[in-house]
Amino acid sequence: MNKGIVLASLVLLCSGCQDTKREATEIIPEKEEAIKHLNNRIENDKRLQIYSRVGQLDMVAITPGSGVYANLIPEMKNMVDNYGINILPEALENKNYFRCFDTEENRVKLFKKAISSRHKIIWAVRGGFGSGFIIEDLSKLPVPPKKTLVGFSDITSLHLFVTQKWGWKAIHAPVLMHLCKSEFTNERFETLVKILEGRLKKYSIGPLYPINRAAVMQKNIKGRLTGGNLTSIESSIGTNWEIQSKGKILFIEDINMVPWWIYRSMIHLKEAGKLSGVRAIVFGRFSNGGSQADVAAFLKKFAEAIEVPVFVTNEFGHGNLNYPIVYNANGIIHKKKMTIAIDD
């Protein structure tokens with residue numbers, strides 16, 4: 001067939017498509033709105049189902065750092081009143097004391113109240129700021145019975161402390177406040193609930209993308225898991241809860257850090273010896289600090305200067321994609337996935 005005829009046919013076909021599209025848009029808006037409404041209802045129903053399951057967990061929720069956003073307090077009270085989710089009343093009173101929900105003294109009291117309760121799970125309502133400031137007082141306590149601490153971001157300080165000093169289980173995962181929004185109650189949140197219910201012992205996170213030669217060359221990397229929020233990890237250096245990273249897979253994320261700050265902090269960890277003997281580094285999402293292209297460029301620059309395998313993924317960190325990562329669980333990185341096996 002003559003190429004000119006073929007080209008003309010394609011032009012006419014595309015023009016027809018455009019006409020059809022224009023006609024469709026005159027009819028479809030109401031259908032699109034109905035579909036959107038249906039999808040929102042389905043997502044909301046899923047979220048309410050998770051409310052019910054969380055309400056059956058043996059847990060108590062507190063605020064070790066910053067307080068709950070004022071606009072979310074009514075929904076969180078709804079969780080308590082209608083779904084039996086155990087949030088201590090003090091945790092919903094945000095006094096905004098130097099960016100924390102209350103004084104350090106009162107936050108310590110709240111944490112001690114959770115420790116002395118019969119509940120096996122302590123879930124942070126929010127991260128924010130200031131969790132690490134209560135560790136000095138917590139470190140003076142006798143080692144309490146083992147519990148599981150859930151949260152991420154600023155809660156990293158407490159995760160490192162309770163896992164390394166008290167032998168607790170800790171899970172880097174969404175804070176309870178995220179349950180208020182349907183965009184967070186996705187497969188990742190579902191995975192967390194299954195772990196807390198004791199129904200899930202092994203799962204995978206991926207894809208992971210190698211960004212240096214060491215990551216490309218090593219095909220099967222094994223190690224216990226530790227890490228969390230970069231700012232909190234760096235703040236641990238020189239403390240009694242300093243991160244113990246040797247022989248482990250180190251996972252890292254953060255928020256509100258411009259790309260060159262991330263690079264500077266990673267170089268500090270390297271110079272402080274915190275990357276010596278690390279099996280691999282997995283960077284999660286760094287949000288609200290600049291363009292993702294700039295973040296990627298600085299991460300790659302850092303990765304290419306070290307011998308440790310370095311990977312990146314968007315599957316955990318700040319954002320609605322935040323797979324749970326269990327501290328000290330066994331991690332295996334293979335074929336662009338990290339499989340996590342949880343000990344009993």
# chains A, B, ... in the order shown; residues from 1 in each chain; ligands from 1
call {"tool": "residues_around", "arguments": {"residues": "Trp260 of chain A", "least_positions_apart": "6", "cutoff": "9 Å", "atoms": "only C-alpha atoms", "output": "PDB file with N, CA and C atoms, in the first residue's frame"}}
result
ATOM      1  N   ASP A 294      17.252  15.392  42.033  1.00  0.00           N
ATOM      2  CA  ASP A 294      18.407  15.836  42.822  1.00  0.00           C
ATOM      3  C   ASP A 294      18.723  14.841  43.934  1.00  0.00           C
ATOM      4  N   VAL A 295      17.662  14.320  44.581  1.00  0.00           N
ATOM      5  CA  VAL A 295      17.870  13.311  45.625  1.00  0.00           C
ATOM      6  C   VAL A 295      18.589  12.104  45.031  1.00  0.00           C
ATOM      7  N   PHE A 298      22.369  12.765  44.331  1.00  0.00           N
ATOM      8  CA  PHE A 298      23.237  12.769  45.518  1.00  0.00           C
ATOM      9  C   PHE A 298      23.365  11.372  46.131  1.00  0.00           C
TER      10      PHE A 298
END
call {"tool": "residues_around", "arguments": {"residues": "Lys301 of chain A", "least_positions_apart": "6", "cutoff": "12 Å", "atoms": "only C-alpha atoms", "output": "number ranges by chain"}}
result
A: 211-212, 259-260, 262-264, 266-267, 294-295, 310
call {"tool": "write_last_selection", "arguments": {"atoms": "C-alpha atoms", "output": "tab-separated table (two decimals), in the first residue's frame"}}
result
chain	number	residue	atom	x	y	z
A	211	ILE	CA	22.74	2.21	42.28
A	212	ASN	CA	26.38	1.15	42.62
A	259	PRO	CA	19.56	16.41	48.84
A	260	TRP	CA	22.97	17.72	49.91
A	262	ILE	CA	21.25	13.71	52.93
A	263	TYR	CA	24.66	13.34	51.32
A	264	ARG	CA	26.36	15.14	54.23
A	266	MET	CA	25.56	9.76	54.99
A	267	ILE	CA	29.20	10.86	54.81
A	294	ASP	CA	18.41	15.84	42.82
A	295	VAL	CA	17.87	13.31	45.62
A	310	VAL	CA	23.34	0.37	47.85
call {"tool": "residues_around", "arguments": {"residues": "segment 148-151 of chain A", "least_positions_apart": "3", "cutoff": "10 Å", "atoms": "only C-alpha atoms", "output": "VMD selection string"}}
result
chain A and resid 59 to 61 119 to 127 154 to 156 158 to 159 162 to 163 167 to 176 192 196 324 326
call {"tool": "closest_residue", "arguments": {"among": "A:Ile255, A:Val308, A:Cys180, A:Val143", "to": "Val68 of chain A", "atoms": "only C-alpha atoms"}}
result
A:Cys180
call {"tool": "closest_residue", "arguments": {"among": "A:Asn44, A:Asn106, A:Ser265, A:Asn229", "to": "Arg285 of chain A", "atoms": "only C-alpha atoms"}}
result
A:Asn229
call {"tool": "select_by_dssp", "arguments": {"residues": "segment 100-293 of chain A", "states": "strand (DSSP E or B)", "output": "tab-separated table (two decimals) with N, CA and C atoms, in the first residue's frame"}}
result
chain	number	residue	atom	x	y	z
A	100	CYS	N	6.22	19.55	70.59
A	100	CYS	CA	5.84	18.25	71.15
A	100	CYS	C	4.42	18.35	71.71
A	121	ILE	N	1.30	-4.35	72.50
A	121	ILE	CA	1.71	-3.47	71.40
A	121	ILE	C	1.54	-2.02	71.82
A	122	ILE	N	2.59	-1.21	71.60
A	122	ILE	CA	2.51	0.24	71.80
A	122	ILE	C	2.66	0.88	70.42
A	123	TRP	N	1.63	1.62	70.01
A	123	TRP	CA	1.59	2.19	68.66
A	123	TRP	C	1.64	3.71	68.78
A	124	ALA	N	2.62	4.32	68.15
A	124	ALA	CA	2.73	5.78	68.16
A	124	ALA	C	1.64	6.39	67.28
A	148	THR	N	5.94	-4.72	71.66
A	148	THR	CA	6.23	-4.33	70.28
A	148	THR	C	5.91	-2.85	70.11
A	149	LEU	N	6.87	-2.09	69.62
A	149	LEU	CA	6.67	-0.66	69.38
A	149	LEU	C	6.51	-0.42	67.88
A	150	VAL	N	5.45	0.32	67.52
A	150	VAL	CA	5.13	0.57	66.11
A	150	VAL	C	5.15	2.07	65.83
A	151	GLY	N	5.75	2.45	64.70
A	151	GLY	CA	5.80	3.84	64.27
A	151	GLY	C	6.98	4.04	63.34
A	169	LYS	N	10.61	-5.95	70.34
A	169	LYS	CA	10.40	-5.95	68.89
A	169	LYS	C	9.95	-4.54	68.50
A	170	ALA	N	10.39	-4.08	67.34
A	170	ALA	CA	9.97	-2.76	66.86
A	170	ALA	C	9.68	-2.86	65.37
A	171	ILE	N	8.71	-2.09	64.91
A	171	ILE	CA	8.33	-2.11	63.50
A	171	ILE	C	8.29	-0.70	62.96
A	172	HIS	N	9.13	-0.44	61.96
A	172	HIS	CA	9.11	0.82	61.24
A	172	HIS	C	7.91	0.76	60.29
A	202	LYS	N	6.43	-13.78	56.89
A	202	LYS	CA	7.37	-13.60	55.79
A	202	LYS	C	6.71	-12.85	54.64
A	203	TYR	N	7.37	-11.84	54.12
A	203	TYR	CA	6.84	-11.06	53.02
A	203	TYR	C	7.99	-10.37	52.30
A	204	SER	N	7.70	-9.75	51.15
A	204	SER	CA	8.76	-9.13	50.35
A	204	SER	C	8.44	-7.69	50.03
A	205	ILE	N	9.50	-6.90	49.90
A	205	ILE	CA	9.40	-5.50	49.50
A	205	ILE	C	10.17	-5.34	48.19
A	209	TYR	N	16.24	-1.06	43.44
A	209	TYR	CA	17.10	-0.77	42.30
A	209	TYR	C	18.54	-0.54	42.76
A	210	PRO	N	19.50	-1.31	42.23
A	210	PRO	CA	20.90	-1.12	42.60
A	210	PRO	C	21.44	0.18	42.01
A	221	ILE	N	22.16	-11.09	49.32
A	221	ILE	CA	22.67	-10.38	50.49
A	221	ILE	C	21.78	-10.68	51.68
A	222	LYS	N	22.40	-11.10	52.78
A	222	LYS	CA	21.64	-11.46	53.97
A	222	LYS	C	22.09	-10.63	55.17
A	223	GLY	N	21.15	-10.31	56.04
A	223	GLY	CA	21.50	-9.59	57.27
A	223	GLY	C	20.27	-9.23	58.06
A	224	ARG	N	20.45	-9.05	59.36
A	224	ARG	CA	19.37	-8.53	60.19
A	224	ARG	C	19.11	-7.08	59.81
A	225	LEU	N	17.92	-6.59	60.11
A	225	LEU	CA	17.50	-5.26	59.67
A	225	LEU	C	17.57	-4.23	60.79
A	226	THR	N	18.09	-3.06	60.46
A	226	THR	CA	18.03	-1.92	61.37
A	226	THR	C	18.07	-0.65	60.53
A	227	GLY	N	17.75	0.48	61.17
A	227	GLY	CA	17.78	1.76	60.45
A	227	GLY	C	16.61	2.64	60.82
A	228	GLY	N	16.02	3.27	59.78
A	228	GLY	CA	14.89	4.17	59.99
A	228	GLY	C	15.17	5.57	59.47
A	229	ASN	N	14.77	6.55	60.25
A	229	ASN	CA	14.88	7.96	59.88
A	229	ASN	C	16.33	8.43	59.98
A	248	LYS	N	24.59	-5.77	59.45
A	248	LYS	CA	23.15	-5.65	59.21
A	248	LYS	C	22.84	-4.96	57.88
A	249	ILE	N	21.61	-5.14	57.43
A	249	ILE	CA	21.08	-4.38	56.30
A	249	ILE	C	20.48	-3.11	56.87
A	250	LEU	N	20.96	-1.98	56.39
A	250	LEU	CA	20.58	-0.68	56.94
A	250	LEU	C	19.55	-0.03	56.02
A	251	PHE	N	18.34	0.20	56.52
A	251	PHE	CA	17.31	0.89	55.72
A	251	PHE	C	17.16	2.33	56.22
A	252	ILE	N	17.00	3.26	55.29
A	252	ILE	CA	17.05	4.68	55.63
A	252	ILE	C	16.02	5.48	54.83
A	253	GLU	N	15.36	6.41	55.50
A	253	GLU	CA	14.44	7.36	54.85
A	253	GLU	C	14.41	8.64	55.66
A	254	ASP	N	13.77	9.68	55.13
A	254	ASP	CA	13.62	10.93	55.89
A	254	ASP	C	12.68	11.87	55.16
A	255	ILE	N	12.42	13.02	55.79
A	255	ILE	CA	11.54	14.04	55.23
A	255	ILE	C	12.16	15.41	55.50
A	280	ALA	N	24.37	-4.11	53.49
A	280	ALA	CA	23.77	-3.35	52.38
A	280	ALA	C	23.04	-2.15	52.96
A	281	ILE	N	22.82	-1.15	52.10
A	281	ILE	CA	22.02	0.02	52.46
A	281	ILE	C	20.84	0.08	51.50
A	282	VAL	N	19.64	0.24	52.05
A	282	VAL	CA	18.45	0.39	51.22
A	282	VAL	C	17.82	1.74	51.54
A	283	PHE	N	17.84	2.65	50.57
A	283	PHE	CA	17.24	3.96	50.75
A	283	PHE	C	15.77	3.91	50.35
A	284	GLY	N	14.89	4.38	51.24
A	284	GLY	CA	13.48	4.52	50.93
A	284	GLY	C	13.20	5.92	50.40
A	285	ARG	N	11.99	6.39	50.61
A	285	ARG	CA	11.58	7.67	50.03
A	285	ARG	C	12.03	8.84	50.92
A	286	PHE	N	12.64	9.82	50.28
A	286	PHE	CA	12.97	11.11	50.91
A	286	PHE	C	12.03	12.14	50.30
A	287	SER	N	11.14	12.70	51.11
A	287	SER	CA	10.11	13.59	50.56
A	287	SER	C	10.24	15.01	51.11
call {"tool": "residues_around", "arguments": {"residues": "Lys246 of chain A", "least_positions_apart": "2", "cutoff": "7 Å", "atoms": "only C-alpha atoms", "output": "MDAnalysis selection string"}}
result
chainID A and resid 244 248 276:278
call {"tool": "closest_residue", "arguments": {"among": "A:Thr63, A:Gln56, A:Ser236, A:Ser157", "to": "Asp102 of chain A", "atoms": "only C-alpha atoms"}}
result
A:Thr63
call {"tool": "closest_residue", "arguments": {"among": "A:Pro309, A:Gly290, A:Gly317, A:Pro89", "to": "Ala215 of chain A", "atoms": "only C-alpha atoms"}}
result
A:Pro309
call {"tool": "select_by_dssp", "arguments": {"residues": "segment 162-307 of chain A", "states": "helix (DSSP H, G or I)", "output": "PyMOL selection string"}}
result
chain A and resi 162-165+176-180+187-197+213-217+230-235+259-271+292-303
call {"tool": "write_last_selection", "arguments": {"atoms": "C-alpha atoms", "output": "PDB file, in the first residue's frame"}}
result
ATOM      1  CA  VAL A 162      13.982  -0.385  72.880  1.00  0.00           C
ATOM      2  CA  THR A 163      15.446  -2.968  70.492  1.00  0.00           C
ATOM      3  CA  GLN A 164      19.062  -2.515  71.562  1.00  0.00           C
ATOM      4  CA  LYS A 165      18.578  -1.902  75.307  1.00  0.00           C
ATOM      5  CA  LEU A 176      -1.806   5.324  63.862  1.00  0.00           C
ATOM      6  CA  MET A 177      -2.767   8.813  62.654  1.00  0.00           C
ATOM      7  CA  HIS A 178      -2.388   7.551  59.075  1.00  0.00           C
ATOM      8  CA  LEU A 179      -5.354   5.252  59.611  1.00  0.00           C
ATOM      9  CA  CYS A 180      -7.577   8.356  59.291  1.00  0.00           C
ATOM     10  CA  GLU A 187      -1.710  -3.110  50.846  1.00  0.00           C
ATOM     11  CA  ARG A 188       1.196  -1.844  52.965  1.00  0.00           C
ATOM     12  CA  PHE A 189      -1.050  -0.979  55.913  1.00  0.00           C
ATOM     13  CA  GLU A 190      -2.812  -4.311  55.472  1.00  0.00           C
ATOM     14  CA  THR A 191       0.576  -6.042  55.709  1.00  0.00           C
ATOM     15  CA  LEU A 192       1.258  -4.261  59.013  1.00  0.00           C
ATOM     16  CA  VAL A 193      -2.075  -5.354  60.492  1.00  0.00           C
ATOM     17  CA  LYS A 194      -1.416  -8.961  59.471  1.00  0.00           C
ATOM     18  CA  ILE A 195       1.981  -8.834  61.196  1.00  0.00           C
ATOM     19  CA  LEU A 196       0.431  -7.435  64.383  1.00  0.00           C
ATOM     20  CA  GLU A 197      -2.283 -10.095  64.244  1.00  0.00           C
ATOM     21  CA  ARG A 213      28.614  -1.611  41.303  1.00  0.00           C
ATOM     22  CA  ALA A 214      28.664  -3.534  44.578  1.00  0.00           C
ATOM     23  CA  ALA A 215      24.852  -3.804  44.505  1.00  0.00           C
ATOM     24  CA  VAL A 216      24.926  -5.087  40.921  1.00  0.00           C
ATOM     25  CA  MET A 217      27.648  -7.663  41.600  1.00  0.00           C
ATOM     26  CA  LEU A 230      18.258   9.391  58.850  1.00  0.00           C
ATOM     27  CA  THR A 231      18.115  12.398  61.194  1.00  0.00           C
ATOM     28  CA  SER A 232      17.373  10.143  64.177  1.00  0.00           C
ATOM     29  CA  ILE A 233      20.063   7.634  63.190  1.00  0.00           C
ATOM     30  CA  GLU A 234      22.648  10.390  62.968  1.00  0.00           C
ATOM     31  CA  SER A 235      21.459  11.817  66.309  1.00  0.00           C
ATOM     32  CA  PRO A 259      19.563  16.413  48.838  1.00  0.00           C
ATOM     33  CA  TRP A 260      22.968  17.724  49.910  1.00  0.00           C
ATOM     34  CA  TRP A 261      21.990  17.385  53.583  1.00  0.00           C
ATOM     35  CA  ILE A 262      21.252  13.713  52.932  1.00  0.00           C
ATOM     36  CA  TYR A 263      24.662  13.338  51.325  1.00  0.00           C
ATOM     37  CA  ARG A 264      26.364  15.141  54.226  1.00  0.00           C
ATOM     38  CA  SER A 265      24.633  12.957  56.822  1.00  0.00           C
ATOM     39  CA  MET A 266      25.564   9.761  54.991  1.00  0.00           C
ATOM     40  CA  ILE A 267      29.199  10.861  54.813  1.00  0.00           C
ATOM     41  CA  HIS A 268      29.039  11.534  58.566  1.00  0.00           C
ATOM     42  CA  LEU A 269      27.741   7.996  59.192  1.00  0.00           C
ATOM     43  CA  LYS A 270      30.598   6.663  57.086  1.00  0.00           C
ATOM     44  CA  GLU A 271      33.243   8.695  58.911  1.00  0.00           C
ATOM     45  CA  GLN A 292      13.527  13.549  43.331  1.00  0.00           C
ATOM     46  CA  ALA A 293      16.066  13.906  40.519  1.00  0.00           C
ATOM     47  CA  ASP A 294      18.407  15.836  42.822  1.00  0.00           C
ATOM     48  CA  VAL A 295      17.870  13.311  45.625  1.00  0.00           C
ATOM     49  CA  ALA A 296      18.700  10.469  43.230  1.00  0.00           C
ATOM     50  CA  ALA A 297      21.837  12.247  42.009  1.00  0.00           C
ATOM     51  CA  PHE A 298      23.237  12.769  45.518  1.00  0.00           C
ATOM     52  CA  LEU A 299      22.372   9.214  46.590  1.00  0.00           C
ATOM     53  CA  LYS A 300      24.173   7.847  43.539  1.00  0.00           C
ATOM     54  CA  LYS A 301      27.201  10.075  44.180  1.00  0.00           C
ATOM     55  CA  PHE A 302      27.382   8.720  47.715  1.00  0.00           C
ATOM     56  CA  ALA A 303      26.804   5.105  46.652  1.00  0.00           C
TER      57      ALA A 303
END
call {"tool": "residues_around", "arguments": {"residues": "Ala70 of chain A", "least_positions_apart": "2", "cutoff": "12 Å", "atoms": "only C-alpha atoms", "output": "ChimeraX atom specification"}}
result
/A:66-68,72-77,92-96,101,177
call {"tool": "closest_residue", "arguments": {"among": "A:Pro145, A:Phe161, A:Gly289, A:Lys109", "to": "Ile243 of chain A", "atoms": "only C-alpha atoms"}}
result
A:Phe161
call {"tool": "closest_residue", "arguments": {"among": "A:Thr339, A:Gln49, A:Ser116, A:Thr103", "to": "Phe133 of chain A", "atoms": "only C-alpha atoms"}}
result
A:Thr103
call {"tool": "atom_distance", "arguments": {"atom1": "atom CA of Met79 of chain A", "atom2": "atom CA of Asn186 of chain A"}}
result
18.0 Å
call {"tool": "atom_distance", "arguments": {"atom1": "atom CA of Asn256 of chain A", "atom2": "atom CA of Ala305 of chain A"}}
result
24.3 Å
